[in-house]
Amino acid sequence: MFKALSPNILVADVEVSIAFYEHLGFQKLAQVPEQGKAQWAMLKDDQVTLMIQDKSSAESDLPFRYTNGQNAGALLYFDVENVEELRARIDGKALIVKEIHSTFYGTNEFMIADPDHFLLIFAEDKKES
């Protein structure tokens, strides 16, 4: 039934977010507009796709988000290989919310916040680490 899930997160500055996610290993596949200040971008790393969109450009596309008095939050959970290598690669480039730790559900994981305070969890199955 489902083939993939590609989150589209709303950010304050698409270009700042592109740079942040490139530090994590993502590559930019596309941006709109192609020239000038980006309002939207698609990023990919292996089988994971992430879209980022300027908050202001989304107001007309997503009026519910702006009229219901709530700020829809998101926590992005990434299944990764070599969680310790990823943690070392982003050292000093992201706000670490929670350092690498073992969970009761069998992963080693850590949590960071992106420039717009979305929480990102990077988890590796203990059997793989």
# chains A, B, ... in the order shown; residues from 1 in each chain; ligands from 1
>>> residues_around(residues="Leu10 (chain A)", least_positions_apart="3", cutoff="7 Å", atoms="only C-alpha atoms", output="number ranges by chain")
A: 52-55
>>> select_by_dssp(residues="region 41-117 of chain A", states="alpha helix (DSSP H)", output="MDAnalysis selection string")
chainID A and resid 55:58 63:67 83:89
>>> residues_around(residues="region 102-110 of chain A", least_positions_apart="4", cutoff="6 Å", atoms="only C-alpha atoms", output="PyMOL selection string")
chain A and resi 98+121-126
>>> write_last_selection(atoms="all heavy atoms", output="tab-separated table (two decimals), in the first residue's frame")
chain	number	residue	atom	x	y	z
A	98	LYS	N	19.87	15.49	23.27
A	98	LYS	CA	20.14	14.32	24.10
A	98	LYS	C	21.28	13.54	23.46
A	98	LYS	O	21.22	13.24	22.27
A	98	LYS	CB	18.88	13.46	24.21
A	98	LYS	CG	18.93	12.44	25.31
A	98	LYS	CD	17.55	11.84	25.54
A	98	LYS	CE	17.55	11.01	26.80
A	98	LYS	NZ	16.22	10.47	27.07
A	121	ILE	N	15.63	12.60	15.79
A	121	ILE	CA	16.22	11.48	16.51
A	121	ILE	C	16.90	10.58	15.50
A	121	ILE	O	16.31	10.23	14.47
A	121	ILE	CB	15.14	10.67	17.27
A	121	ILE	CG1	14.52	11.53	18.36
A	121	ILE	CG2	15.76	9.40	17.87
A	121	ILE	CD1	13.37	10.86	19.08
A	122	PHE	N	18.14	10.20	15.79
A	122	PHE	CA	18.90	9.31	14.94
A	122	PHE	C	19.13	8.03	15.74
A	122	PHE	O	19.77	8.07	16.79
A	122	PHE	CB	20.23	9.94	14.51
A	122	PHE	CG	20.03	11.24	13.79
A	122	PHE	CD1	20.14	12.45	14.46
A	122	PHE	CD2	19.71	11.25	12.44
A	122	PHE	CE1	19.93	13.65	13.79
A	122	PHE	CE2	19.51	12.45	11.77
A	122	PHE	CZ	19.62	13.64	12.44
A	123	ALA	N	18.61	6.92	15.24
A	123	ALA	CA	18.63	5.68	15.99
A	123	ALA	C	19.23	4.56	15.17
A	123	ALA	O	19.00	4.43	13.96
A	123	ALA	CB	17.21	5.29	16.41
A	124	GLU	N	20.03	3.73	15.86
A	124	GLU	CA	20.62	2.54	15.24
A	124	GLU	C	20.24	1.34	16.08
A	124	GLU	O	20.38	1.36	17.32
A	124	GLU	CB	22.15	2.68	15.18
A	124	GLU	CG	22.83	1.49	14.57
A	124	GLU	CD	24.34	1.68	14.48
A	124	GLU	OE1	24.92	2.47	15.27
A	124	GLU	OE2	24.93	1.03	13.62
A	125	ASP	N	19.74	0.31	15.42
A	125	ASP	CA	19.41	-0.93	16.12
A	125	ASP	C	20.66	-1.46	16.78
A	125	ASP	O	21.72	-1.56	16.15
A	125	ASP	CB	18.86	-1.92	15.09
A	125	ASP	CG	18.25	-3.15	15.73
A	125	ASP	OD1	18.73	-3.59	16.81
A	125	ASP	OD2	17.30	-3.69	15.15
A	126	LYS	N	20.57	-1.82	18.04
A	126	LYS	CA	21.75	-2.31	18.78
A	126	LYS	C	22.36	-3.54	18.12
A	126	LYS	O	23.55	-3.76	18.20
A	126	LYS	CB	21.38	-2.64	20.22
A	126	LYS	CG	21.15	-1.43	21.08
A	126	LYS	CD	20.80	-1.86	22.50
A	126	LYS	CE	20.41	-0.67	23.32
A	126	LYS	NZ	20.00	-1.09	24.69
>>> residues_around(residues="Phe26 (chain A)", least_positions_apart="3", cutoff="12 Å", atoms="only C-alpha atoms", output="PyMOL selection string")
chain A and resi 17-23+29+41-51+86
>>> write_last_selection(atoms="N, CA, C and O atoms", output="PDB file, in the first residue's frame")
ATOM      1  N   SER A  17      18.344  25.983   6.362  1.00  0.00           N
ATOM      2  CA  SER A  17      17.998  24.575   6.581  1.00  0.00           C
ATOM      3  C   SER A  17      18.712  23.653   5.601  1.00  0.00           C
ATOM      4  O   SER A  17      19.139  22.560   5.979  1.00  0.00           O
ATOM      5  N   ILE A  18      18.863  24.081   4.349  1.00  0.00           N
ATOM      6  CA  ILE A  18      19.615  23.277   3.379  1.00  0.00           C
ATOM      7  C   ILE A  18      21.030  23.046   3.910  1.00  0.00           C
ATOM      8  O   ILE A  18      21.514  21.908   3.941  1.00  0.00           O
ATOM      9  N   ALA A  19      21.682  24.100   4.348  1.00  0.00           N
ATOM     10  CA  ALA A  19      23.052  23.978   4.861  1.00  0.00           C
ATOM     11  C   ALA A  19      23.098  23.047   6.064  1.00  0.00           C
ATOM     12  O   ALA A  19      23.991  22.198   6.180  1.00  0.00           O
ATOM     13  N   PHE A  20      22.129  23.166   6.964  1.00  0.00           N
ATOM     14  CA  PHE A  20      22.081  22.318   8.150  1.00  0.00           C
ATOM     15  C   PHE A  20      21.960  20.846   7.761  1.00  0.00           C
ATOM     16  O   PHE A  20      22.715  19.995   8.233  1.00  0.00           O
ATOM     17  N   TYR A  21      21.013  20.531   6.888  1.00  0.00           N
ATOM     18  CA  TYR A  21      20.790  19.131   6.520  1.00  0.00           C
ATOM     19  C   TYR A  21      21.931  18.580   5.653  1.00  0.00           C
ATOM     20  O   TYR A  21      22.192  17.383   5.682  1.00  0.00           O
ATOM     21  N   GLU A  22      22.620  19.439   4.934  1.00  0.00           N
ATOM     22  CA  GLU A  22      23.807  18.978   4.202  1.00  0.00           C
ATOM     23  C   GLU A  22      24.893  18.531   5.174  1.00  0.00           C
ATOM     24  O   GLU A  22      25.632  17.588   4.886  1.00  0.00           O
ATOM     25  N   HIS A  23      24.986  19.171   6.343  1.00  0.00           N
ATOM     26  CA  HIS A  23      25.942  18.721   7.369  1.00  0.00           C
ATOM     27  C   HIS A  23      25.622  17.302   7.821  1.00  0.00           C
ATOM     28  O   HIS A  23      26.509  16.567   8.247  1.00  0.00           O
ATOM     29  N   LEU A  29      18.346  17.922  -4.043  1.00  0.00           N
ATOM     30  CA  LEU A  29      17.930  17.426  -5.355  1.00  0.00           C
ATOM     31  C   LEU A  29      17.304  18.525  -6.199  1.00  0.00           C
ATOM     32  O   LEU A  29      17.467  18.546  -7.414  1.00  0.00           O
ATOM     33  N   ALA A  41      12.683  23.194  -1.035  1.00  0.00           N
ATOM     34  CA  ALA A  41      13.776  22.337  -1.504  1.00  0.00           C
ATOM     35  C   ALA A  41      13.470  20.887  -1.158  1.00  0.00           C
ATOM     36  O   ALA A  41      12.745  20.597  -0.198  1.00  0.00           O
ATOM     37  N   MET A  42      14.010  19.996  -1.962  1.00  0.00           N
ATOM     38  CA  MET A  42      13.940  18.565  -1.699  1.00  0.00           C
ATOM     39  C   MET A  42      15.361  18.065  -1.480  1.00  0.00           C
ATOM     40  O   MET A  42      16.260  18.349  -2.282  1.00  0.00           O
ATOM     41  N   LEU A  43      15.543  17.336  -0.393  1.00  0.00           N
ATOM     42  CA  LEU A  43      16.846  16.800  -0.016  1.00  0.00           C
ATOM     43  C   LEU A  43      16.738  15.281   0.072  1.00  0.00           C
ATOM     44  O   LEU A  43      15.670  14.748   0.366  1.00  0.00           O
ATOM     45  N   LYS A  44      17.872  14.615  -0.138  1.00  0.00           N
ATOM     46  CA  LYS A  44      17.844  13.154  -0.089  1.00  0.00           C
ATOM     47  C   LYS A  44      19.174  12.630   0.418  1.00  0.00           C
ATOM     48  O   LYS A  44      20.228  13.171   0.118  1.00  0.00           O
ATOM     49  N   ASP A  45      19.087  11.552   1.191  1.00  0.00           N
ATOM     50  CA  ASP A  45      20.253  10.783   1.600  1.00  0.00           C
ATOM     51  C   ASP A  45      19.843   9.321   1.552  1.00  0.00           C
ATOM     52  O   ASP A  45      18.968   8.895   2.314  1.00  0.00           O
ATOM     53  N   ASP A  46      20.432   8.579   0.643  1.00  0.00           N
ATOM     54  CA  ASP A  46      20.101   7.174   0.451  1.00  0.00           C
ATOM     55  C   ASP A  46      18.604   7.051   0.153  1.00  0.00           C
ATOM     56  O   ASP A  46      18.142   7.611  -0.822  1.00  0.00           O
ATOM     57  N   GLN A  47      17.842   6.379   0.995  1.00  0.00           N
ATOM     58  CA  GLN A  47      16.413   6.174   0.741  1.00  0.00           C
ATOM     59  C   GLN A  47      15.512   7.175   1.465  1.00  0.00           C
ATOM     60  O   GLN A  47      14.294   7.049   1.429  1.00  0.00           O
ATOM     61  N   VAL A  48      16.104   8.177   2.107  1.00  0.00           N
ATOM     62  CA  VAL A  48      15.334   9.140   2.893  1.00  0.00           C
ATOM     63  C   VAL A  48      15.228  10.458   2.137  1.00  0.00           C
ATOM     64  O   VAL A  48      16.235  11.041   1.746  1.00  0.00           O
ATOM     65  N   THR A  49      13.988  10.904   1.944  1.00  0.00           N
ATOM     66  CA  THR A  49      13.721  12.173   1.274  1.00  0.00           C
ATOM     67  C   THR A  49      13.068  13.124   2.272  1.00  0.00           C
ATOM     68  O   THR A  49      12.201  12.721   3.040  1.00  0.00           O
ATOM     69  N   LEU A  50      13.489  14.374   2.248  1.00  0.00           N
ATOM     70  CA  LEU A  50      12.952  15.396   3.123  1.00  0.00           C
ATOM     71  C   LEU A  50      12.704  16.646   2.290  1.00  0.00           C
ATOM     72  O   LEU A  50      13.552  17.050   1.502  1.00  0.00           O
ATOM     73  N   MET A  51      11.532  17.247   2.474  1.00  0.00           N
ATOM     74  CA  MET A  51      11.229  18.508   1.808  1.00  0.00           C
ATOM     75  C   MET A  51      11.177  19.599   2.864  1.00  0.00           C
ATOM     76  O   MET A  51      10.714  19.366   3.979  1.00  0.00           O
ATOM     77  N   LEU A  86      27.802   9.434  12.800  1.00  0.00           N
ATOM     78  CA  LEU A  86      26.946  10.587  12.519  1.00  0.00           C
ATOM     79  C   LEU A  86      27.065  11.619  13.632  1.00  0.00           C
ATOM     80  O   LEU A  86      27.189  12.817  13.370  1.00  0.00           O
TER      81      LEU A  86
END
>>> select_by_dssp(residues="region 38-115 of chain A", states="strand (DSSP E or B)", output="number ranges by chain")
A: 40-45, 48-54, 75-79, 95-102, 107-113
>>> write_last_selection(atoms="N, CA and C atoms", output="compact mmCIF listing (two decimals), in the first residue's frame")
# COMPACT_ATOMS: atom_id res chain seq x y z
N TRP A 40 11.46 26.52 -1.37
CA TRP A 40 11.20 25.10 -1.16
C TRP A 40 12.40 24.32 -1.66
N ALA A 41 12.68 23.19 -1.04
CA ALA A 41 13.78 22.34 -1.50
C ALA A 41 13.47 20.89 -1.16
N MET A 42 14.01 20.00 -1.96
CA MET A 42 13.94 18.57 -1.70
C MET A 42 15.36 18.06 -1.48
N LEU A 43 15.54 17.34 -0.39
CA LEU A 43 16.85 16.80 -0.02
C LEU A 43 16.74 15.28 0.07
N LYS A 44 17.87 14.62 -0.14
CA LYS A 44 17.84 13.15 -0.09
C LYS A 44 19.17 12.63 0.42
N ASP A 45 19.09 11.55 1.19
CA ASP A 45 20.25 10.78 1.60
C ASP A 45 19.84 9.32 1.55
N VAL A 48 16.10 8.18 2.11
CA VAL A 48 15.33 9.14 2.89
C VAL A 48 15.23 10.46 2.14
N THR A 49 13.99 10.90 1.94
CA THR A 49 13.72 12.17 1.27
C THR A 49 13.07 13.12 2.27
N LEU A 50 13.49 14.37 2.25
CA LEU A 50 12.95 15.40 3.12
C LEU A 50 12.70 16.65 2.29
N MET A 51 11.53 17.25 2.47
CA MET A 51 11.23 18.51 1.81
C MET A 51 11.18 19.60 2.86
N ILE A 52 11.68 20.77 2.51
CA ILE A 52 11.62 21.92 3.40
C ILE A 52 10.99 23.08 2.63
N GLN A 53 10.13 23.82 3.33
CA GLN A 53 9.39 24.90 2.67
C GLN A 53 9.38 26.12 3.58
N ASP A 54 9.54 27.29 2.99
CA ASP A 54 9.49 28.54 3.73
C ASP A 54 8.10 28.70 4.36
N LEU A 75 8.44 15.54 15.09
CA LEU A 75 9.64 14.90 15.57
C LEU A 75 10.00 13.90 14.49
N LEU A 76 11.19 14.05 13.91
CA LEU A 76 11.60 13.20 12.79
C LEU A 76 12.52 12.11 13.33
N TYR A 77 12.16 10.86 13.06
CA TYR A 77 12.90 9.71 13.58
C TYR A 77 13.59 9.03 12.41
N PHE A 78 14.93 9.02 12.45
CA PHE A 78 15.73 8.45 11.38
C PHE A 78 16.35 7.14 11.83
N ASP A 79 16.16 6.10 11.06
CA ASP A 79 16.84 4.83 11.26
C ASP A 79 18.16 4.93 10.51
N LEU A 95 22.47 21.76 17.72
CA LEU A 95 22.16 21.73 19.14
C LEU A 95 21.84 20.29 19.53
N ILE A 96 22.65 19.72 20.40
CA ILE A 96 22.42 18.36 20.87
C ILE A 96 21.43 18.42 22.02
N VAL A 97 20.28 17.80 21.83
CA VAL A 97 19.24 17.79 22.85
C VAL A 97 19.47 16.64 23.81
N LYS A 98 19.87 15.49 23.27
CA LYS A 98 20.14 14.32 24.10
C LYS A 98 21.28 13.54 23.46
N GLU A 99 22.30 13.25 24.24
CA GLU A 99 23.45 12.51 23.73
C GLU A 99 23.09 11.05 23.45
N ILE A 100 24.03 10.34 22.82
CA ILE A 100 23.81 8.93 22.51
C ILE A 100 23.52 8.17 23.80
N HIS A 101 22.46 7.38 23.74
CA HIS A 101 22.05 6.58 24.87
C HIS A 101 21.35 5.32 24.36
N SER A 102 21.28 4.31 25.21
CA SER A 102 20.58 3.08 24.88
C SER A 102 19.14 3.19 25.33
N THR A 107 17.58 0.38 20.73
CA THR A 107 18.38 1.23 19.85
C THR A 107 19.40 2.02 20.66
N ASN A 108 20.43 2.48 19.97
CA ASN A 108 21.33 3.52 20.46
C ASN A 108 20.95 4.74 19.65
N GLU A 109 20.65 5.84 20.33
CA GLU A 109 20.16 7.00 19.61
C GLU A 109 20.56 8.30 20.29
N PHE A 110 20.47 9.39 19.51
CA PHE A 110 20.65 10.72 20.06
C PHE A 110 19.68 11.66 19.38
N MET A 111 19.47 12.82 19.99
CA MET A 111 18.49 13.78 19.49
C MET A 111 19.13 15.15 19.34
N ILE A 112 18.78 15.82 18.23
CA ILE A 112 19.24 17.19 17.99
C ILE A 112 18.03 18.05 17.63
N ALA A 113 18.25 19.35 17.60
CA ALA A 113 17.24 20.29 17.11
C ALA A 113 17.80 20.96 15.86
